[in-house]
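Structure file coords_32.cif with mmCIF, C-alpha atoms:
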data_target
#
loop_
_atom_site.label_atom_id
_atom_site.label_comp_id
_atom_site.auth_asym_id
_atom_site.auth_seq_id
_atom_site.Cartn_x
_atom_site.Cartn_y
_atom_site.Cartn_z
CA ARG A 110 -11.26 13.95 9.74
CA ASN A 111 -9.88 12.01 12.64
CA ARG A 112 -7.48 9.09 12.76
CA ILE A 113 -10.18 6.52 11.89
CA TYR A 114 -11.09 8.49 8.74
CA LYS A 115 -7.41 8.58 7.76
CA LEU A 116 -7.04 4.85 8.47
CA VAL A 117 -10.01 3.97 6.24
CA ARG A 118 -8.69 6.23 3.47
CA SER A 119 -5.20 4.75 3.72
CA ALA A 120 -6.74 1.29 3.20
CA GLY A 121 -7.82 2.39 -0.29
CA MET A 122 -11.42 3.32 0.45
CA GLN A 123 -12.75 6.54 -1.05
CA ASP A 124 -15.06 9.02 0.62
CA ALA A 125 -18.18 8.93 -1.55
CA TRP A 126 -19.23 12.48 -0.63
CA SER A 127 -15.86 13.93 -1.62
CA ALA A 128 -16.07 12.04 -4.93
CA ALA A 129 -19.69 12.75 -5.89
CA GLY A 130 -21.38 15.13 -3.46
CA ARG A 131 -22.12 18.84 -3.66
CA PHE A 132 -21.78 21.58 -1.09
CA THR A 133 -20.49 20.57 2.36
CA GLY A 134 -22.47 17.38 2.94
CA GLY A 135 -23.26 18.39 6.51
CA THR A 136 -25.29 15.81 8.43
CA TRP A 137 -25.40 17.25 11.95
CA PRO A 138 -27.20 18.83 13.67
CA ASN A 139 -30.55 18.24 12.04
CA PRO A 140 -32.29 21.48 12.97
CA ARG A 141 -36.03 21.96 13.23
CA LEU A 142 -35.86 25.06 11.03
CA PRO A 143 -35.88 24.21 7.30
CA LEU A 144 -33.51 27.04 6.36
CA ALA A 145 -30.91 26.46 9.08
CA ARG A 146 -27.55 25.09 8.02
CA TRP A 147 -26.13 21.67 8.83
CA LEU A 148 -22.77 22.43 10.28
CA LEU A 149 -20.76 19.22 10.46
CA ARG A 150 -20.34 16.18 8.27
CA LEU A 151 -20.24 13.41 10.87
CA ASP A 152 -21.62 10.59 8.73
CA PHE A 153 -19.67 8.98 5.91
CA VAL A 154 -20.08 6.39 3.16
CA PHE A 155 -16.92 4.77 1.85
CA SER A 156 -16.53 2.65 -1.28
CA SER A 157 -13.82 0.42 -2.64
CA GLU A 158 -12.06 0.91 -5.95
CA ALA A 159 -14.51 -1.55 -7.55
CA LEU A 160 -17.41 0.86 -6.98
CA VAL A 161 -17.63 4.42 -8.27
CA PRO A 162 -19.78 6.97 -6.41
CA ARG A 163 -22.07 8.59 -8.99
CA THR A 164 -24.12 10.83 -6.71
CA ALA A 165 -24.20 11.65 -3.01
CA GLU A 166 -26.95 13.67 -1.39
CA ASN A 167 -28.58 14.35 1.95
CA LEU A 168 -32.10 13.17 2.72
CA ALA A 169 -34.65 15.94 3.13
CA THR A 170 -35.90 14.47 6.42
CA SER A 171 -34.18 12.79 9.32
CA GLY A 172 -36.72 10.12 10.22
CA GLY A 173 -36.53 11.34 13.81
CA SER A 174 -32.74 11.31 14.13
CA ASP A 175 -30.60 14.31 15.02
CA HIS A 176 -28.50 13.48 11.92
CA ARG A 177 -29.55 13.86 8.30
CA GLY A 178 -29.41 10.69 6.24
CA LEU A 179 -27.26 10.13 3.16
CA ILE A 180 -28.03 8.51 -0.16
CA VAL A 181 -25.10 7.40 -2.30
CA ARG A 182 -25.58 5.87 -5.72
CA LEU A 183 -22.76 3.54 -6.75
CA ALA A 184 -21.82 1.91 -10.04
CA TRP A 185 -19.38 -0.86 -10.89
CA ARG A 186 -16.12 0.44 -12.28
#

Hey, can you dump this file as structure tokens for me?
Amino acid sequence: RNRIYKLVRSAGMQDAWSAAGRFTGGTWPNPRLPLARWLLRLDFVFSSEALVPRTAENLATSGGSDHRGLIVRLAWR
């Protein structure tokens, strides 16, 4: 939650995970062990007031990245 996050939020964008996600939404690190926890939420999806986040979830696999991917489903307000 650094200054860039605050700047985006102050411009009227909403954090989709905060609006529609469950648990912590951690995306990093992407451990090799399936039961290990993802500690930090470093990746974000923002939406304008015209779009409403319906769901937000982490991908089960990373596709080779050290971050877990995010899927956010949006709907028109």

Query - A:Leu168 environment, 10 Å, all atoms listed in the file, sequence neighbours closer than 3 positions dropped, as number ranges by chain - result: A: 136, 165, 171-172, 176-180

Requested in this report: Name the residues that the PyMOL selection byres ((chain A and resi 149) around 9) pulls out of this structure, and write them as number ranges by chain.
Outcome: A: 133-138, 147-148, 150-152

Requested in this report: Excluding stretch 157-159 of chain A and any residue of its chain fewer than 3 positions from it, enumerate the residues within 10 Å of it, using all atoms listed in the file, and give them as a PyMOL selection string.
Outcome: chain A and resi 118+120-125+162+183-186

Report summary line: Atom pair atom CA of A:Phe153 + atom CA of A:Ser127, distance 9.8 Å

Nearby residues (all atoms listed in the file) at most 12 Å from A:Arg182, same-chain spacing under 3 positions excluded, as a compact mmCIF listing (two decimals) with C-alpha atoms, keeping the file's coordinate frame:
# COMPACT_ATOMS: atom_id res chain seq x y z
CA ALA A 125 -18.18 8.93 -1.55
CA TRP A 126 -19.23 12.48 -0.63
CA ALA A 128 -16.07 12.04 -4.93
CA ALA A 129 -19.69 12.75 -5.89
CA GLY A 130 -21.38 15.13 -3.46
CA VAL A 154 -20.08 6.39 3.16
CA PHE A 155 -16.92 4.77 1.85
CA SER A 156 -16.53 2.65 -1.28
CA LEU A 160 -17.41 0.86 -6.98
CA VAL A 161 -17.63 4.42 -8.27
CA PRO A 162 -19.78 6.97 -6.41
CA ARG A 163 -22.07 8.59 -8.99
CA THR A 164 -24.12 10.83 -6.71
CA ALA A 165 -24.20 11.65 -3.01
CA GLU A 166 -26.95 13.67 -1.39
CA ASN A 167 -28.58 14.35 1.95
CA LEU A 179 -27.26 10.13 3.16
CA TRP A 185 -19.38 -0.86 -10.89

Where atoms are missing, can you supply all heavy atoms for stretch 122-133 of chain A and output the lot as an mmCIF file, in the coordinates of the input?
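Output file out_17.cif is given in full below:
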data_model
loop_
_atom_site.group_PDB
_atom_site.id
_atom_site.type_symbol
_atom_site.label_atom_id
_atom_site.label_comp_id
_atom_site.auth_asym_id
_atom_site.auth_seq_id
_atom_site.Cartn_x
_atom_site.Cartn_y
_atom_site.Cartn_z
ATOM 1 N N MET A 122 -10.006 2.987 0.576
ATOM 2 C CA MET A 122 -11.420 3.320 0.450
ATOM 3 C C MET A 122 -11.556 4.803 0.111
ATOM 4 O O MET A 122 -10.774 5.622 0.581
ATOM 5 C CB MET A 122 -12.149 3.016 1.758
ATOM 6 C CG MET A 122 -12.010 1.568 2.222
ATOM 7 S SD MET A 122 -12.757 0.402 1.091
ATOM 8 C CE MET A 122 -14.463 0.588 1.531
ATOM 9 N N GLN A 123 -12.550 5.133 -0.718
ATOM 10 C CA GLN A 123 -12.750 6.540 -1.050
ATOM 11 C C GLN A 123 -13.997 7.076 -0.359
ATOM 12 O O GLN A 123 -14.960 6.348 -0.133
ATOM 13 C CB GLN A 123 -12.834 6.740 -2.558
ATOM 14 C CG GLN A 123 -14.031 6.150 -3.244
ATOM 15 C CD GLN A 123 -14.007 6.469 -4.723
ATOM 16 O OE1 GLN A 123 -13.551 7.515 -5.150
ATOM 17 N NE2 GLN A 123 -14.504 5.533 -5.515
ATOM 18 N N ASP A 124 -13.939 8.322 -0.010
ATOM 19 C CA ASP A 124 -15.060 9.020 0.620
ATOM 20 C C ASP A 124 -16.041 9.380 -0.494
ATOM 21 O O ASP A 124 -15.743 10.179 -1.368
ATOM 22 C CB ASP A 124 -14.501 10.274 1.313
ATOM 23 C CG ASP A 124 -15.557 11.125 1.968
ATOM 24 O OD1 ASP A 124 -16.760 10.923 1.712
ATOM 25 O OD2 ASP A 124 -15.171 12.020 2.729
ATOM 26 N N ALA A 125 -17.212 8.752 -0.472
ATOM 27 C CA ALA A 125 -18.180 8.930 -1.550
ATOM 28 C C ALA A 125 -18.645 10.376 -1.670
ATOM 29 O O ALA A 125 -18.867 10.865 -2.774
ATOM 30 C CB ALA A 125 -19.383 8.007 -1.334
ATOM 31 N N TRP A 126 -18.788 11.092 -0.543
ATOM 32 C CA TRP A 126 -19.230 12.480 -0.630
ATOM 33 C C TRP A 126 -18.179 13.340 -1.319
ATOM 34 O O TRP A 126 -18.503 14.159 -2.167
ATOM 35 C CB TRP A 126 -19.570 13.061 0.737
ATOM 36 C CG TRP A 126 -20.261 14.376 0.568
ATOM 37 C CD1 TRP A 126 -19.667 15.604 0.429
ATOM 38 C CD2 TRP A 126 -21.646 14.602 0.428
ATOM 39 N NE1 TRP A 126 -20.608 16.573 0.219
ATOM 40 C CE2 TRP A 126 -21.833 15.979 0.216
ATOM 41 C CE3 TRP A 126 -22.762 13.772 0.462
ATOM 42 C CZ2 TRP A 126 -23.095 16.542 0.048
ATOM 43 C CZ3 TRP A 126 -24.005 14.341 0.296
ATOM 44 C CH2 TRP A 126 -24.150 15.709 0.093
ATOM 45 N N SER A 127 -16.931 13.147 -0.983
ATOM 46 C CA SER A 127 -15.860 13.930 -1.620
ATOM 47 C C SER A 127 -15.810 13.651 -3.119
ATOM 48 O O SER A 127 -15.485 14.534 -3.907
ATOM 49 C CB SER A 127 -14.515 13.606 -0.989
ATOM 50 O OG SER A 127 -14.480 14.055 0.336
ATOM 51 N N ALA A 128 -16.135 12.412 -3.521
ATOM 52 C CA ALA A 128 -16.070 12.040 -4.930
ATOM 53 C C ALA A 128 -17.296 12.501 -5.724
ATOM 54 O O ALA A 128 -17.171 12.848 -6.893
ATOM 55 C CB ALA A 128 -15.920 10.531 -5.061
ATOM 56 N N ALA A 129 -18.479 12.525 -5.094
ATOM 57 C CA ALA A 129 -19.690 12.750 -5.890
ATOM 58 C C ALA A 129 -20.689 13.728 -5.285
ATOM 59 O O ALA A 129 -21.703 14.002 -5.902
ATOM 60 C CB ALA A 129 -20.394 11.404 -6.117
ATOM 61 N N GLY A 130 -20.417 14.253 -4.110
ATOM 62 C CA GLY A 130 -21.380 15.130 -3.460
ATOM 63 C C GLY A 130 -21.213 16.587 -3.861
ATOM 64 O O GLY A 130 -20.270 16.966 -4.550
ATOM 65 N N ARG A 131 -22.170 17.399 -3.428
ATOM 66 C CA ARG A 131 -22.120 18.840 -3.660
ATOM 67 C C ARG A 131 -22.205 19.548 -2.316
ATOM 68 O O ARG A 131 -22.711 19.004 -1.352
ATOM 69 C CB ARG A 131 -23.294 19.289 -4.533
ATOM 70 C CG ARG A 131 -23.269 18.680 -5.906
ATOM 71 C CD ARG A 131 -24.396 19.183 -6.773
ATOM 72 N NE ARG A 131 -25.655 19.239 -6.043
ATOM 73 C CZ ARG A 131 -26.646 20.068 -6.323
ATOM 74 N NH1 ARG A 131 -26.538 20.908 -7.315
ATOM 75 N NH2 ARG A 131 -27.751 20.057 -5.635
ATOM 76 N N PHE A 132 -21.759 20.757 -2.289
ATOM 77 C CA PHE A 132 -21.780 21.580 -1.090
ATOM 78 C C PHE A 132 -20.946 20.905 0.011
ATOM 79 O O PHE A 132 -19.997 20.205 -0.296
ATOM 80 C CB PHE A 132 -23.207 21.900 -0.646
ATOM 81 C CG PHE A 132 -24.049 22.459 -1.751
ATOM 82 C CD1 PHE A 132 -25.105 21.745 -2.270
ATOM 83 C CD2 PHE A 132 -23.757 23.699 -2.304
ATOM 84 C CE1 PHE A 132 -25.876 22.253 -3.299
ATOM 85 C CE2 PHE A 132 -24.524 24.221 -3.340
ATOM 86 C CZ PHE A 132 -25.580 23.493 -3.835
ATOM 87 N N THR A 133 -21.319 21.077 1.260
ATOM 88 C CA THR A 133 -20.490 20.570 2.360
ATOM 89 C C THR A 133 -20.839 19.157 2.790
ATOM 90 O O THR A 133 -20.029 18.488 3.391
ATOM 91 C CB THR A 133 -20.598 21.484 3.585
ATOM 92 O OG1 THR A 133 -21.948 21.453 4.047
ATOM 93 C CG2 THR A 133 -20.181 22.900 3.264
#
